[in-house]
file my_file-v1.cif (mmCIF, C-alpha atoms)
data_entry
loop_
_atom_site.label_atom_id
_atom_site.label_comp_id
_atom_site.auth_asym_id
_atom_site.auth_seq_id
_atom_site.Cartn_x
_atom_site.Cartn_y
_atom_site.Cartn_z
CA GLU A 330 12.77 -47.29 -36.10
CA ARG A 331 11.24 -43.81 -36.46
CA ALA A 332 9.03 -45.13 -39.27
CA ALA A 333 7.94 -48.00 -37.00
CA VAL A 334 6.98 -45.51 -34.28
CA ALA A 335 5.05 -43.45 -36.85
CA ILE A 336 3.00 -46.54 -37.75
CA ILE A 337 2.26 -47.05 -34.04
CA PHE A 338 0.97 -43.47 -33.87
CA ALA A 339 -1.16 -44.16 -36.95
CA ALA A 340 -2.72 -47.12 -35.13
CA VAL A 341 -3.47 -45.00 -32.06
CA PHE A 342 -5.10 -42.30 -34.19
CA ASP A 343 -7.02 -44.96 -36.14
CA ILE A 344 -8.55 -46.14 -32.87
CA LEU A 345 -9.32 -42.61 -31.71
CA ASP A 346 -10.74 -41.07 -34.88
CA GLY A 347 -13.70 -43.42 -35.24
CA ARG A 348 -14.54 -43.30 -31.56
CA LEU A 349 -14.40 -39.51 -31.47
CA ALA A 350 -16.61 -39.27 -34.56
CA ARG A 351 -19.17 -41.61 -33.01
CA MET A 352 -19.06 -39.82 -29.63
CA SER A 353 -19.53 -36.40 -31.24
CA GLY A 354 -22.17 -37.61 -33.71
CA THR A 355 -20.12 -36.51 -36.72
CA THR A 356 -19.85 -39.81 -38.58
CA SER A 357 -20.38 -39.70 -42.32
CA ARG A 358 -20.06 -41.94 -45.35
CA PHE A 359 -17.20 -39.72 -46.54
CA GLY A 360 -15.35 -40.22 -43.25
CA PHE A 361 -15.89 -43.96 -43.45
CA GLU A 362 -14.38 -44.14 -46.95
CA TYR A 363 -11.58 -41.72 -46.13
CA ASP A 364 -10.68 -43.80 -43.07
CA SER A 365 -10.22 -46.84 -45.31
CA ILE A 366 -7.91 -44.92 -47.63
CA ALA A 367 -5.86 -43.70 -44.66
CA ASP A 368 -5.74 -47.26 -43.29
CA THR A 369 -4.51 -48.57 -46.65
CA VAL A 370 -1.62 -46.11 -46.54
CA SER A 371 -0.88 -46.50 -42.81
CA PHE A 372 -1.27 -50.28 -42.59
CA GLY A 373 -0.57 -51.35 -46.18
CA VAL A 374 1.87 -49.06 -47.97
CA ALA A 375 3.93 -47.79 -45.00
CA PRO A 376 4.66 -51.22 -43.43
CA ALA A 377 5.51 -52.68 -46.85
CA MET A 378 8.00 -49.88 -47.51
CA LEU A 379 9.41 -50.21 -44.01
CA ALA A 380 9.89 -53.95 -44.47
CA PHE A 381 11.32 -53.44 -47.96
CA HIS A 382 14.06 -51.15 -46.68
CA ALA A 383 14.72 -52.76 -43.29
CA GLY A 384 14.68 -56.27 -44.78
CA LYS A 385 16.88 -55.26 -47.73
CA PHE A 386 14.39 -56.61 -50.27
CA HIS A 387 16.29 -54.71 -52.98
CA GLU A 388 18.76 -57.60 -52.87
CA LEU A 389 15.99 -59.79 -54.31
CA GLY A 390 15.43 -57.52 -57.31
CA TRP A 391 11.99 -57.74 -58.84
CA THR A 392 10.94 -60.48 -56.38
CA GLY A 393 11.42 -58.09 -53.45
CA TRP A 394 9.04 -55.59 -55.02
CA VAL A 395 6.45 -58.31 -55.66
CA MET A 396 6.64 -59.50 -52.03
CA GLY A 397 6.14 -55.95 -50.77
CA PHE A 398 3.25 -55.45 -53.17
CA MET A 399 1.58 -58.65 -51.93
CA PHE A 400 1.40 -57.11 -48.47
CA THR A 401 0.03 -53.80 -49.75
CA ALA A 402 -2.53 -55.49 -51.99
CA GLY A 403 -3.55 -57.82 -49.15
CA ALA A 404 -4.14 -54.85 -46.84
CA ALA A 405 -6.19 -52.98 -49.47
CA LEU A 406 -8.30 -56.04 -50.26
CA ARG A 407 -8.76 -56.83 -46.57
CA LEU A 408 -10.00 -53.30 -45.85
CA ALA A 409 -12.36 -53.33 -48.83
CA ARG A 410 -13.80 -56.70 -47.78
CA PHE A 411 -14.21 -55.47 -44.21
CA ASN A 412 -16.25 -52.49 -45.47
CA VAL A 413 -18.68 -54.41 -47.68
CA THR A 414 -18.94 -57.95 -46.32
CA PRO A 415 -20.93 -58.88 -43.22
CA GLN A 416 -18.99 -60.75 -40.55
CA ARG A 417 -19.18 -64.52 -40.88
CA TYR A 418 -17.73 -65.18 -37.44
CA PRO A 419 -19.32 -63.46 -34.43
CA GLY A 420 -16.68 -61.68 -32.32
CA ARG A 421 -13.97 -62.43 -34.87
CA PHE A 422 -12.41 -60.81 -37.91
CA GLU A 423 -12.24 -62.70 -41.19
CA GLY A 424 -8.57 -62.67 -42.06
CA LEU A 425 -5.72 -61.05 -40.17
CA PRO A 426 -6.64 -57.41 -39.46
CA SER A 427 -4.43 -54.97 -41.36
CA PRO A 428 -3.37 -53.07 -38.20
CA ALA A 429 -2.24 -56.37 -36.67
CA ALA A 430 -0.26 -57.26 -39.81
CA ALA A 431 1.34 -53.81 -39.80
CA GLY A 432 1.98 -54.25 -36.08
CA MET A 433 3.86 -57.46 -36.80
CA VAL A 434 6.13 -55.58 -39.22
CA VAL A 435 6.68 -52.83 -36.64
CA ALA A 436 7.33 -55.34 -33.85
CA THR A 437 9.89 -57.15 -35.98
CA VAL A 438 11.76 -53.94 -36.82
CA LEU A 439 11.80 -52.86 -33.16
CA PHE A 440 12.90 -56.33 -32.01
CA VAL A 441 15.78 -56.44 -34.49
CA GLY A 442 16.79 -52.94 -33.32
CA PHE A 443 16.78 -54.22 -29.73
CA LEU A 444 18.98 -57.17 -30.71
CA ARG A 445 21.45 -54.82 -32.40
CA GLU A 446 21.56 -52.58 -29.30
CA THR A 447 22.44 -55.57 -27.14
CA GLY A 448 25.26 -56.53 -29.51
CA LEU A 449 23.50 -59.41 -31.25
CA PHE A 450 23.78 -58.77 -34.96
CA VAL A 451 21.23 -61.02 -36.59
CA SER A 452 21.86 -61.58 -40.27
CA VAL A 453 19.12 -63.27 -42.24
CA PRO A 454 18.79 -63.55 -46.00
CA ALA A 455 16.42 -60.98 -47.50
CA SER A 456 14.18 -63.81 -48.68
CA LEU A 457 13.14 -64.65 -45.08
CA PRO A 458 11.55 -61.28 -44.17
CA ALA A 459 10.19 -61.01 -47.75
CA PHE A 460 8.46 -64.38 -47.38
CA GLY A 461 7.14 -63.34 -43.95
CA LEU A 462 5.74 -60.09 -45.36
CA ALA A 463 4.05 -61.90 -48.24
CA ALA A 464 2.61 -64.45 -45.80
CA LEU A 465 1.12 -61.62 -43.72
CA GLY A 466 -0.42 -60.23 -46.91
CA LEU A 467 -2.00 -63.59 -47.69
CA LEU A 468 -3.27 -63.99 -44.12
CA MET A 469 -5.08 -60.66 -44.43
CA VAL A 470 -7.15 -61.94 -47.37
CA SER A 471 -7.59 -65.44 -45.96
CA PRO A 472 -10.90 -66.67 -44.50
CA ILE A 473 -9.15 -67.53 -41.22
CA PRO A 474 -10.99 -66.09 -38.19
CA TYR A 475 -9.02 -63.88 -35.79
CA HIS A 476 -10.27 -62.75 -32.39
CA SER A 477 -11.45 -59.14 -32.51
CA GLY A 478 -11.24 -58.27 -28.82
CA LYS A 479 -14.36 -56.11 -29.12
CA ASP A 480 -16.29 -58.36 -26.75
CA LEU A 481 -13.68 -57.97 -24.00
CA LYS A 482 -15.34 -56.45 -20.93
CA LEU A 483 -12.72 -55.07 -18.56
CA ALA A 484 -15.05 -53.23 -16.23
CA ARG A 485 -16.84 -56.41 -15.13
CA SER A 486 -13.92 -57.94 -13.29
CA GLN A 487 -11.27 -56.30 -11.15
CA THR A 488 -8.94 -59.21 -11.82
CA SER A 489 -9.10 -58.72 -15.59
CA LEU A 490 -8.66 -54.96 -15.17
CA VAL A 491 -5.57 -55.43 -12.97
CA PHE A 492 -4.18 -58.01 -15.38
CA THR A 493 -4.74 -55.67 -18.34
CA LEU A 494 -3.08 -52.74 -16.57
CA PHE A 495 -0.13 -54.92 -15.57
CA ALA A 496 0.24 -56.19 -19.14
CA ALA A 497 0.07 -52.62 -20.48
CA VAL A 498 2.82 -51.48 -18.09
CA VAL A 499 5.05 -54.43 -19.09
CA ILE A 500 4.46 -53.80 -22.80
CA LEU A 501 5.04 -50.05 -22.56
CA SER A 502 8.17 -50.48 -20.45
CA LYS A 503 9.94 -52.54 -23.14
CA PRO A 504 7.90 -52.50 -26.38
CA ASP A 505 10.89 -53.47 -28.52
CA VAL A 506 11.01 -56.83 -26.69
CA THR A 507 7.39 -57.50 -25.75
CA LEU A 508 5.54 -56.62 -28.96
CA PHE A 509 7.32 -59.24 -31.06
CA PRO A 510 6.21 -62.37 -29.16
CA ILE A 511 2.72 -60.89 -28.70
CA GLY A 512 2.52 -60.28 -32.45
CA ILE A 513 3.72 -63.80 -33.28
CA ALA A 514 1.18 -65.25 -30.85
CA TYR A 515 -1.69 -63.28 -32.42
CA VAL A 516 -0.70 -64.13 -35.99
CA LEU A 517 -0.48 -67.82 -35.08
CA SER A 518 -3.70 -67.74 -33.02
CA GLY A 519 -5.90 -67.60 -36.10
CA LEU A 520 -4.08 -70.52 -37.67
CA VAL A 521 -4.40 -72.54 -34.47
#
call {"tool": "encode", "arguments": {"input": "my_file-v1.cif", "output": "structure tokens"}}
result
Amino acid sequence: ERAAVAIIFAAVFDILDGRLARMSGTTSRFGFEYDSIADTVSFGVAPAMLAFHAGKFHELGWTGWVMGFMFTAGAALRLARFNVTPQRYPGRFEGLPSPAAAGMVVATVLFVGFLRETGLFVSVPASLPAFGLAALGLLMVSPIPYHSGKDLKLARSQTSLVFTLFAAVVILSKPDVTLFPIGIAYVLSGLV
């Protein structure tokens, strides 16, 4: 669970670093490339290792390692494509964004921890989370469009601002419960 929280912090800093660089006028090609390397580690390697250990992929032997690698490779390829390919879909990402895929891993770990705290011990075969992780890896390199949220204008409507603040309070009050269904909904939204 501490590793899951560390990935959440990585996502927060990923949002902040680019914005701060743009606000201060200190963007550079080096920073752009370095950000992609950091994202590959934060949203490719770390979630795969977290899923490998939490999902007990070692029980699958070599197959567990391959499933974890599919996620990491998907994240690396997704980030490289994002850097060099123009967007085909206005207001949308092509493929599942790597932070969202990592967020799904984090949300699953936190949700399972919540279930354990409430006394519900969920036992699933290691192949189920391994398949889910590999599927997330494939969704990252897929051509499926996912909503980016960059065109969301909160300041234009008080209703949307109040709704967003209310949603943020609900999510922050119980992230171990709320992030999982939100993550599932986002992952499925591109497919729908």
call {"tool": "resolve_selection", "arguments": {"input": "my_file-v1.cif", "expression": "the PyMOL selection byres ((chain A and resi 508) around 9)", "output": "ChimeraX atom specification"}}
result
/A:432-433,435-437,439-440,500,503-507,509-513
call {"tool": "resolve_selection", "arguments": {"input": "my_file-v1.cif", "expression": "the PyMOL selection byres ((chain A and resi 458) around 10)", "output": "ChimeraX atom specification"}}
result
/A:380-381,383-386,393,396,434,437,453-457,459-464
call {"tool": "write_last_selection", "arguments": {"input": "my_file-v1.cif", "atoms": "C-alpha atoms", "output": "compact mmCIF listing (two decimals), in the coordinates of the input"}}
result
# COMPACT_ATOMS: atom_id res chain seq x y z
CA ALA A 380 9.89 -53.95 -44.47
CA PHE A 381 11.32 -53.44 -47.96
CA ALA A 383 14.72 -52.76 -43.29
CA GLY A 384 14.68 -56.27 -44.78
CA LYS A 385 16.88 -55.26 -47.73
CA PHE A 386 14.39 -56.61 -50.27
CA GLY A 393 11.42 -58.09 -53.45
CA MET A 396 6.64 -59.50 -52.03
CA VAL A 434 6.13 -55.58 -39.22
CA THR A 437 9.89 -57.15 -35.98
CA VAL A 453 19.12 -63.27 -42.24
CA PRO A 454 18.79 -63.55 -46.00
CA ALA A 455 16.42 -60.98 -47.50
CA SER A 456 14.18 -63.81 -48.68
CA LEU A 457 13.14 -64.65 -45.08
CA ALA A 459 10.19 -61.01 -47.75
CA PHE A 460 8.46 -64.38 -47.38
CA GLY A 461 7.14 -63.34 -43.95
CA LEU A 462 5.74 -60.09 -45.36
CA ALA A 463 4.05 -61.90 -48.24
CA ALA A 464 2.61 -64.45 -45.80
call {"tool": "residues_around", "arguments": {"input": "my_file-v1.cif", "residues": "Gly519 (chain A)", "least_positions_apart": "5", "cutoff": "10 Å", "atoms": "all atoms listed in the file", "output": "list in words"}}
result
Arg421, Phe422, Glu423, Gly424, Leu425, Leu468, Pro472, Ile473, Pro474, Tyr475, His476 and Ala514 of chain A
call {"tool": "closest_residue", "arguments": {"input": "my_file-v1.cif", "among": "A:Ala367, A:Leu449, A:Leu490, A:Ala402", "to": "Asp346 (chain A)", "atoms": "only C-alpha atoms"}}
result
A:Ala367
call {"tool": "atom_distance", "arguments": {"input": "my_file-v1.cif", "atom1": "CA of Ala404 (chain A)", "atom2": "CA of Met352 (chain A)"}}
result
27.3 Å
call {"tool": "closest_residue", "arguments": {"input": "my_file-v1.cif", "among": "A:Phe372, A:Phe443, A:Phe495, A:Phe361", "to": "Leu406 (chain A)", "atoms": "only C-alpha atoms"}}
result
A:Phe372
